[in-house]
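One structure below.
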Amino acid sequence: MSVQKPSLILSMLRMKCPSCRKGDAFVNKQIFPLGECLKMPDRCPVCAQKMEVESYRGQGMNYILTMLTFFLNIFWYWPIFGMSYKDNSIFYFAGTSAFVVILLQPYYMRMSRILYLYFLIKYGSGPKFKEQANQ
Ligand SMILES: [Zn+2]
């Protein structure tokens with residue numbers, strides 16, 4: 001019996017377990033409550049893959065996403081509000097962009113952790129993966 005492998009990108013966007021791509025990687029589906037937005041189960045409820053990794057270095061990933069967004073914001077900000085080096089508009093942009101980036105932080109923290117887990121854990125490595133795949 002063969003099982004279709006769920007798409008990598010879609011599973012990442014849905015924040016699914018990197019091993020089975022079925023179980024949820026986070027306890028809460030939404031980022032609220034914020035204090036628990038990074039809460040993960042010890043093991044994936046579907047394939048029992050261990051979700052906590054020894055050395056978590058997702059912060060670097062988060063930094064890249066944050067900086068990227070900060071500069072990419074210029075593509076919607078410029079056409080809407082306009083920017084010029086003659087006035088203070090560059091500072092308004094920096095302020096607005098920083099605000100957007102801060103709003104996205106909880107999502108980015110989750111996304112960078114997911115990226116890191118997908119980097120570390122191969123598809124199908126959960127201990128219960130085989131029995132789950134045959135269902
Ligand atoms: Zn799993």
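Ordered as shown in the structure tokens, chains take letters A, B, and onward, while each chain numbers its residues from 1 and ligands are numbered from 1 in the order shown.
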Next on the checklist: Taking the DSSP secondary structure from the backbone, can you list the residues of range 83-118 of chain A that are helix (DSSP H, G or I), as number ranges by chain?
Outcome noted: A: 89-118
Contacts of chain A with ligand 1 up to 7 Å, shortest pair per row, only C-alpha atoms and all ligand atoms, as CSV:
residue,atom,partner,partner_atom_place_in_ligand_line,distance
A:Cys17,CA,ligand 1,1 (Zn),4.5
A:Pro18,CA,ligand 1,1 (Zn),6.4
A:Ser19,CA,ligand 1,1 (Zn),4.9
A:Cys20,CA,ligand 1,1 (Zn),4.1
A:Arg21,CA,ligand 1,1 (Zn),5.9
A:Lys22,CA,ligand 1,1 (Zn),6.0
A:Gly23,CA,ligand 1,1 (Zn),4.9
A:Cys44,CA,ligand 1,1 (Zn),4.6
A:Pro45,CA,ligand 1,1 (Zn),6.5
A:Val46,CA,ligand 1,1 (Zn),4.9
A:Cys47,CA,ligand 1,1 (Zn),4.1
A:Ala48,CA,ligand 1,1 (Zn),5.9
A:Gln49,CA,ligand 1,1 (Zn),5.4
A:Gly126,CA,ligand 1,1 (Zn),6.1
Store the residues of this selection in a file with C-alpha atoms, as a short mmCIF file (atom, residue, chain, number, x, y, z; two decimals), in the first residue's frame.
data_model
loop_
_atom_site.label_atom_id
_atom_site.label_comp_id
_atom_site.auth_asym_id
_atom_site.auth_seq_id
_atom_site.Cartn_x
_atom_site.Cartn_y
_atom_site.Cartn_z
CA CYS A 17 5.26 17.61 11.68
CA PRO A 18 8.31 17.25 9.37
CA SER A 19 8.29 13.48 9.63
CA CYS A 20 4.69 12.52 8.74
CA ARG A 21 3.44 15.93 7.53
CA LYS A 22 0.10 15.09 9.13
CA GLY A 23 0.37 15.85 12.83
CA CYS A 44 4.11 14.33 17.17
CA PRO A 45 0.60 12.96 17.95
CA VAL A 46 0.57 11.05 14.65
CA CYS A 47 4.01 9.51 14.14
CA ALA A 48 5.65 10.05 17.57
CA GLN A 49 8.52 12.02 16.08
CA GLY A 126 9.01 9.21 13.25
#
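Proximity of A:Ser125, A:Ser112, A:Thr66, A:Ser89 to Met12 in chain A, computed with only C-alpha atoms, is greatest for A:Ser112.
Counting from CA of Val27 in chain A, the distance to CA of Arg113 in chain A is 13.6 Å.
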Checklist outcome for this item: Between CA of Arg110 in chain A and CA of Asn62 in chain A lies a distance of 8.8 Å
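Atom pair CA of Leu104 in chain A / CA of Asp42 in chain A: separated by 25.4 Å.
Nearest residue to Pro6 in chain A among A:Leu115, A:Asp24, A:Tyr123, A:Gly60 is A:Tyr123, counting only C-alpha atoms.
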